[in-house]
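Report on one structure; see the data block that follows.
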Amino acid sequence: MSRRSGILEFAVLGLLRESPMHGYELRKRLNTSLGVFRAFSYGTLYPCLKTLVANGWLIEEPGNTSEDALAAPLAGRRAKIVYRLTAEGKEHFEELLSQTGPDAYEDEHFAARFAFFGQTSRDVRMRVLEGRRSRLEERLEKMRASLARTRERLDDYTLELQRHGMESVEREVRWLNELIESERAGRDLKGPARGEPARDTTEGAPGVLPRPGDTPRPDTPGDTAT
């Protein structure tokens, strides 16, 4: 199984853990909720679903909506198939959620893992976040070293592109620092830690957990502790 197909299987299992869905709805959720899958097609999704069914992690059921009931008589169309997570599938997904190996820090896999942080234990979230930060800090160091070596040979536009790439990585590192600090303080996206007063959710208020994709504020202090 390739890394990319593994990410797709993980995301499909995670979405179906929330509720059963048919293929079209699954693809829509993958495209809108998990941006990393915008380029995926039905030609990629359905073989993945068939594999998950063959492994016993999903079962296929006939659709039971009024729209599905009318689908068969119209132009010979078949009713939509609904995919439901099995007990074995749920157990397998929970096993995947607990993994914190190097693949969890890569760009596409990290985005998928982060999308299901609400179903992930705090200690696993911490290991994934710290691993991702470490990976980006290594990338940033290499980018700076490369820029220092080639600066004199680059034209202004290429140099600006290199700087833009570095700034993007720096922003994500600052965002990760805020997330890690919040996790250590016992805060999460669902609300304050037990025993803490409710936090002010006004934009810019101190102690508010950043959302995925938010650009960290320039004055946010970076926590570089590991």
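Every chain in the structure tokens takes a letter, A first, then B, and so on in the order presented; its residues are numbered from 1, and the ligands are numbered from 1 following the presented order.
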Non-local contacts of Leu176 in chain A (9 Å; only C-alpha atoms; under 2 positions in same chain excluded) as JSON, numbers by chain
{"A": [129, 130, 132, 133, 171, 172, 173, 174, 178, 179, 180, 181]}
Grab the residues selected above and save them as a PDB file, in the first residue's frame with N, CA and C atoms.
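Output contents, as saved in out_10.pdb:
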ATOM      1  N   LEU A 129       2.398  16.603  17.062  1.00  0.00           N
ATOM      2  CA  LEU A 129       2.713  18.029  16.924  1.00  0.00           C
ATOM      3  C   LEU A 129       4.206  18.292  17.107  1.00  0.00           C
ATOM      4  N   GLU A 130       4.798  17.681  18.104  1.00  0.00           N
ATOM      5  CA  GLU A 130       6.225  17.893  18.338  1.00  0.00           C
ATOM      6  C   GLU A 130       7.066  17.287  17.221  1.00  0.00           C
ATOM      7  N   ARG A 132       6.057  16.948  14.085  1.00  0.00           N
ATOM      8  CA  ARG A 132       5.875  17.839  12.942  1.00  0.00           C
ATOM      9  C   ARG A 132       6.742  19.086  13.086  1.00  0.00           C
ATOM     10  N   ARG A 133       6.772  19.654  14.289  1.00  0.00           N
ATOM     11  CA  ARG A 133       7.593  20.855  14.503  1.00  0.00           C
ATOM     12  C   ARG A 133       9.063  20.547  14.266  1.00  0.00           C
ATOM     13  N   ARG A 171       5.923  30.404   9.643  1.00  0.00           N
ATOM     14  CA  ARG A 171       4.571  30.625  10.162  1.00  0.00           C
ATOM     15  C   ARG A 171       3.989  29.341  10.743  1.00  0.00           C
ATOM     16  N   GLU A 172       4.209  28.220  10.053  1.00  0.00           N
ATOM     17  CA  GLU A 172       3.659  26.965  10.565  1.00  0.00           C
ATOM     18  C   GLU A 172       4.351  26.559  11.860  1.00  0.00           C
ATOM     19  N   VAL A 173       5.657  26.815  11.970  1.00  0.00           N
ATOM     20  CA  VAL A 173       6.359  26.496  13.215  1.00  0.00           C
ATOM     21  C   VAL A 173       5.788  27.316  14.372  1.00  0.00           C
ATOM     22  N   ARG A 174       5.511  28.594  14.134  1.00  0.00           N
ATOM     23  CA  ARG A 174       4.918  29.416  15.187  1.00  0.00           C
ATOM     24  C   ARG A 174       3.533  28.907  15.567  1.00  0.00           C
ATOM     25  N   GLU A 178       2.183  27.397  19.264  1.00  0.00           N
ATOM     26  CA  GLU A 178       0.975  27.790  19.985  1.00  0.00           C
ATOM     27  C   GLU A 178       0.117  26.569  20.331  1.00  0.00           C
ATOM     28  N   LEU A 179      -0.010  25.649  19.377  1.00  0.00           N
ATOM     29  CA  LEU A 179      -0.786  24.437  19.619  1.00  0.00           C
ATOM     30  C   LEU A 179      -0.170  23.604  20.740  1.00  0.00           C
ATOM     31  N   ILE A 180       1.145  23.445  20.690  1.00  0.00           N
ATOM     32  CA  ILE A 180       1.843  22.643  21.706  1.00  0.00           C
ATOM     33  C   ILE A 180       1.712  23.294  23.078  1.00  0.00           C
ATOM     34  N   GLU A 181       1.848  24.605  23.122  1.00  0.00           N
ATOM     35  CA  GLU A 181       1.694  25.321  24.387  1.00  0.00           C
ATOM     36  C   GLU A 181       0.288  25.117  24.946  1.00  0.00           C
TER      37      GLU A 181
END
Please provide the set of residues having any atom within 10 Å of Ile81 in chain A, restricted to only C-alpha atoms, with same-chain residues fewer than 4 positions apart removed, written as an MDAnalysis selection string.
chainID A and resid 21:24 59:64 68
Two-atom distance - CA of Ser121 in chain A, CA of Leu16 in chain A (Å)
18.9 Å
Excluding Ser98 in chain A and residues on its chain fewer than 5 positions from it, collect all residues at most 9 Å away from it, counting only C-alpha atoms, and give them as an mmCIF file with C-alpha atoms, in the first residue's frame.
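File result28.cif, as written:
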data_model
loop_
_atom_site.group_PDB
_atom_site.id
_atom_site.type_symbol
_atom_site.label_atom_id
_atom_site.label_comp_id
_atom_site.auth_asym_id
_atom_site.auth_seq_id
_atom_site.Cartn_x
_atom_site.Cartn_y
_atom_site.Cartn_z
ATOM 1 C CA PHE A 93 -8.935 3.242 12.810
ATOM 2 C CA THR A 120 -7.126 11.493 19.181
ATOM 3 C CA SER A 121 -5.784 11.246 22.731
ATOM 4 C CA VAL A 124 -0.671 11.205 20.818
#
Surrounding residues of Leu13 in chain A excluding itself and chain neighbours under 3 positions, 12 Å, only C-alpha atoms, as a PyMOL selection string
chain A and resi 6-10+16-21+26+30+48-49+51-53+56-59+83-97+112-113+116
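The spacing separating CA of Gln119 in chain A from CA of Glu138 in chain A amounts to 28.4 Å.
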Considering only helix (DSSP H, G or I) as DSSP defines it on the backbone, what residues of range 1-164 of chain A qualify? List them as a VMD selection string.
chain A and resid 3 to 18 23 to 33 35 to 37 42 to 54 66 to 71 87 to 97 102 to 105 107 to 115 117 to 119 122 to 153 156 to 164
